[in-house]
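Asks: Sending over a structure as C-alpha cells; questions will come in a sec.
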Number of protein chains: 2
Amino acid sequence: MSEFSQAAIAEALTAISFNDDGLVAAIAQAEGTGEVLMMAWMNAEAVTETLSTGRVCYYSRSRGKLWRKGESSGQIQRLVELRVDCDGDTLLLIVDQTGVACHTGRRSCFYRAARPGGLVTIAEPEVSPEALYGHPHSHG
Amino acid sequence: MSEFSQAAIAEALTAISFNDDGLVAAIAQAEGTGEVLMMAWMNAEAVTETLSTGRVCYYSRSRGKLWRKGESSGQIQRLVELRVDCDGDTLLLIVDQTGVACHTGRRSCFYRAARPGGLVTIAEPEVSPEALYGHPHSHG
C-alpha cells in the first residue's frame, strides 16, 4: 500500500459516519480468497493509524483503547484497501492476514453455521489459543 | 435451504449476543463470488423470520421495523447459510442476491475506496435508483 497524504486521510474520515460512540463497524475480508474473517470497530484515530501505517488497527470496546490487531498474537493484518459503504457507517477492509484472524485459532471468526438440525462447527482451529497467547509476543 | 425446526432457530438465537438495542450486526456475502454486499442489523424477530422463510429480513433502525430486503426494490436475498461469529455479536449471511444489494443500484454498498490520492468510486450502478424505487413493486 502506498503512502496516504494527510488530505487523503481527511477525505476518508469525512466520508465516514461515526456513531454516537465515535465508532464505525469494520469488516475484514481476506485478499485473494474473499473469506470474511471478522468484524470489529474503529474510531477516527484507528482509521488514521491504519491508513498511515498500512497495518490494521481497531478500537477495542471492551478495553477502551486502540487495538493493533496482532499485538498479542502476532497475527497482524496488512491493509490492502479500505472501502466505505454507501451511507458511510460500515467499512470493508481488504487485508493480507498473517496466520489466523480469530482468537480461537481459526482463520475466520464465523466458524459456526445455523443448520436445520442445529448449530454446527464448520472450521477447526489451525493453531491453539495457547500458542497464540501463551507467552509474550514481540510483534505487538 | 431446508426447513428449520423451532429448536434449531432457538439454538441459533441462544448463540447470538444481541446488543442493548436488541440488535446484531449482519454482513451479507454473495454465494459464489464471495463479494461482500452490505451490512445491516437484525433483531431476534428478523433472525427468526429469515431462518423460517429462507428470505433475508433485517431490522431497519431508521424506520424502527422489520425490513424484508427487496420489499420495495424487488432485489431480494435468499439465505444460503447463516453463520455466527466467535463472540456471537456478528452474523455472516451467505446469500443469493437478486440483482443489486445497494440502494444506489450497485451490486455492493462498498463502492468507494480510500486511495493515497483520495476517495475513488470503484463500481458504477447496474440499474438506476429510479428503476428500483420509481414505481410500486409487487415483490415487497
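In the C-alpha cells, chains take letters A, B, ... by order of appearance, with residues numbered from 1 within each chain and ligands from 1 in the order shown.
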Would you tabulate, counting only C-alpha atoms, all residues of chain A that have an atom at most 9 Å from an atom of chain B, showing the closest pair of atoms and their distance in Å to one decimal, sorted by chain then ascending number, as a tab-separated table?
Replies:
```
residue	atom	partner	partner_atom	distance
A:Met1	CA	B:Pro116	CA	8.5
A:Ser2	CA	B:Pro116	CA	6.4
A:Glu3	CA	B:Pro116	CA	6.1
A:Phe4	CA	B:Pro116	CA	4.3
A:Ser5	CA	B:Pro116	CA	6.3
A:Ala7	CA	B:Gly118	CA	7.4
A:Ala8	CA	B:Gly118	CA	4.4
A:Ile9	CA	B:Gly118	CA	7.5
A:Ala10	CA	B:Gly118	CA	8.8
A:Glu11	CA	B:Gly118	CA	6.4
A:Ala12	CA	B:Ala114	CA	6.1
A:Ala15	CA	B:Leu119	CA	8.6
A:Ala25	CA	B:Ala25	CA	9.0
A:Ile27	CA	B:Ile27	CA	8.2
A:Gln29	CA	B:Val36	CA	8.3
A:Thr33	CA	B:Gly34	CA	8.2
A:Gly34	CA	B:Gly34	CA	5.6
A:Glu35	CA	B:Gly34	CA	7.1
A:Val36	CA	B:Val36	CA	8.1
A:Met38	CA	B:Asp85	CA	7.6
A:Met39	CA	B:Thr90	CA	7.0
A:Leu51	CA	B:Ala114	CA	8.6
A:Glu81	CA	B:Ala113	CA	6.8
A:Leu82	CA	B:Ala114	CA	5.6
A:Arg83	CA	B:Ala113	CA	4.3
A:Val84	CA	B:Arg112	CA	5.4
A:Asp85	CA	B:Phe110	CA	4.2
A:Cys86	CA	B:Cys109	CA	5.2
A:Asp87	CA	B:Cys109	CA	8.3
A:Thr90	CA	B:Met39	CA	7.0
A:Leu91	CA	B:Phe110	CA	7.6
A:Leu92	CA	B:Phe110	CA	6.8
A:Cys102	CA	B:Cys86	CA	7.6
A:His103	CA	B:Cys86	CA	8.3
A:Thr104	CA	B:Cys86	CA	7.7
A:Ser108	CA	B:Asp85	CA	8.2
A:Cys109	CA	B:Asp85	CA	4.9
A:Phe110	CA	B:Asp85	CA	4.1
A:Tyr111	CA	B:Asp85	CA	6.4
A:Arg112	CA	B:Val84	CA	5.4
A:Ala113	CA	B:Arg83	CA	4.2
A:Ala114	CA	B:Leu82	CA	5.6
A:Arg115	CA	B:Ala8	CA	7.2
A:Pro116	CA	B:Phe4	CA	4.3
A:Gly117	CA	B:Ala8	CA	5.8
A:Gly118	CA	B:Ala8	CA	4.4
A:Leu119	CA	B:Ala12	CA	6.4
```
Asks: What's the 12 Å shell around B:Ala131, counting only C-alpha atoms, without same-chain residues fewer than 6 positions away, as a list in words?
Replies: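 Contacts, in chain order: Ser72, Ser73, Gly74, Gln75, Gly99, Val100, His103, Thr104, Gly105, Pro125 and His137 of chain B.
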Asks: Would you save the residues of that selection, restricted to N, CA, C and O atoms, as a short mmCIF file (atom, residue, chain, number, x, y, z; two decimals), in the first residue's frame?
Replies:
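Result file part.cif:
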```cif
data_model
loop_
_atom_site.label_atom_id
_atom_site.label_comp_id
_atom_site.auth_asym_id
_atom_site.auth_seq_id
_atom_site.Cartn_x
_atom_site.Cartn_y
_atom_site.Cartn_z
N SER B 72 -39.33 -3.17 -1.39
CA SER B 72 -39.64 -2.05 -2.29
C SER B 72 -38.99 -2.23 -3.66
O SER B 72 -39.58 -1.87 -4.69
N SER B 73 -37.78 -2.76 -3.67
CA SER B 73 -36.97 -2.79 -4.90
C SER B 73 -37.06 -4.09 -5.68
O SER B 73 -36.64 -4.14 -6.84
N GLY B 74 -37.56 -5.15 -5.03
CA GLY B 74 -37.56 -6.45 -5.69
C GLY B 74 -36.22 -7.17 -5.62
O GLY B 74 -36.11 -8.31 -6.06
N GLN B 75 -35.21 -6.50 -5.07
CA GLN B 75 -33.86 -7.08 -5.03
C GLN B 75 -33.72 -7.92 -3.75
O GLN B 75 -33.05 -7.53 -2.80
N GLY B 99 -30.35 -9.39 -8.39
CA GLY B 99 -30.00 -8.04 -8.83
C GLY B 99 -28.91 -7.42 -7.99
O GLY B 99 -27.85 -8.01 -7.79
N VAL B 100 -29.21 -6.24 -7.46
CA VAL B 100 -28.20 -5.46 -6.75
C VAL B 100 -28.58 -5.31 -5.28
O VAL B 100 -29.75 -5.28 -4.92
N HIS B 103 -28.87 0.46 -2.55
CA HIS B 103 -29.97 1.32 -2.98
C HIS B 103 -29.55 2.29 -4.08
O HIS B 103 -30.40 2.91 -4.72
N THR B 104 -28.22 2.41 -4.31
CA THR B 104 -27.73 3.26 -5.39
C THR B 104 -27.75 2.53 -6.73
O THR B 104 -27.36 3.10 -7.76
N GLY B 105 -28.12 1.24 -6.70
CA GLY B 105 -28.17 0.46 -7.93
C GLY B 105 -26.89 -0.32 -8.20
O GLY B 105 -26.75 -0.95 -9.25
N PRO B 125 -23.38 2.07 -10.94
CA PRO B 125 -24.71 1.45 -10.83
C PRO B 125 -24.99 0.53 -12.02
O PRO B 125 -24.63 0.85 -13.16
N HIS B 137 -43.84 -1.82 -6.41
CA HIS B 137 -43.22 -3.08 -6.79
C HIS B 137 -43.94 -4.21 -6.09
O HIS B 137 -44.27 -4.13 -4.92
#
```
Asks: Determine which residues of chain B receive a DSSP assignment of alpha helix (DSSP H), computed from the backbone, and state them as a VMD selection string.
Replies: chain B and resid 6 to 15 44 to 53 129 to 133
Asks: Enumerate, as an MDAnalysis selection string, the complete set of residues in chain B that a backbone-based DSSP assignment places in strand (DSSP E or B).
Replies: chainID B and resid 24:30 36:42 55 57:60 65:68 77:84 90:97 112:115 118:121
Asks: Go ahead and compute the interatomic distance for atom CA of A:Ala46 and atom CA of B:Glu124, in Å to one decimal.
Replies: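 Between atom CA of A:Ala46 and atom CA of B:Glu124 the gap is 28.8 Å.
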Asks: Need to verify the contact set: B:Asp21, 12 Å, only C-alpha atoms, exclusion of same-chain residues closer than 3 positions in sequence. Can you return it as a list in words?
Replies: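 Once the nearby chain positions are removed, what remains is Ser17, Phe18, Val24, Ala25, Trp41, Met42, Asn43, Ala44, Tyr59, Arg61 and Gly64 of chain B.
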Asks: Write out the residues from the selection above, keeping C-alpha atoms, as a PDB file, in the first residue's frame.
Replies:
```
ATOM      1  CA  SER B  17     -25.467 -11.807  21.714  1.00  0.00           C
ATOM      2  CA  PHE B  18     -27.935  -9.064  20.873  1.00  0.00           C
ATOM      3  CA  VAL B  24     -26.978  -7.931  15.996  1.00  0.00           C
ATOM      4  CA  ALA B  25     -24.838  -6.831  13.029  1.00  0.00           C
ATOM      5  CA  TRP B  41     -28.897  -5.134  11.559  1.00  0.00           C
ATOM      6  CA  MET B  42     -31.255  -7.849  12.747  1.00  0.00           C
ATOM      7  CA  ASN B  43     -33.328  -8.308  15.864  1.00  0.00           C
ATOM      8  CA  ALA B  44     -34.490 -11.706  17.143  1.00  0.00           C
ATOM      9  CA  TYR B  59     -34.410  -4.657  11.124  1.00  0.00           C
ATOM     10  CA  ARG B  61     -33.080   1.212  12.637  1.00  0.00           C
ATOM     11  CA  GLY B  64     -37.929   1.106  13.501  1.00  0.00           C
TER      12      GLY B  64
END
```
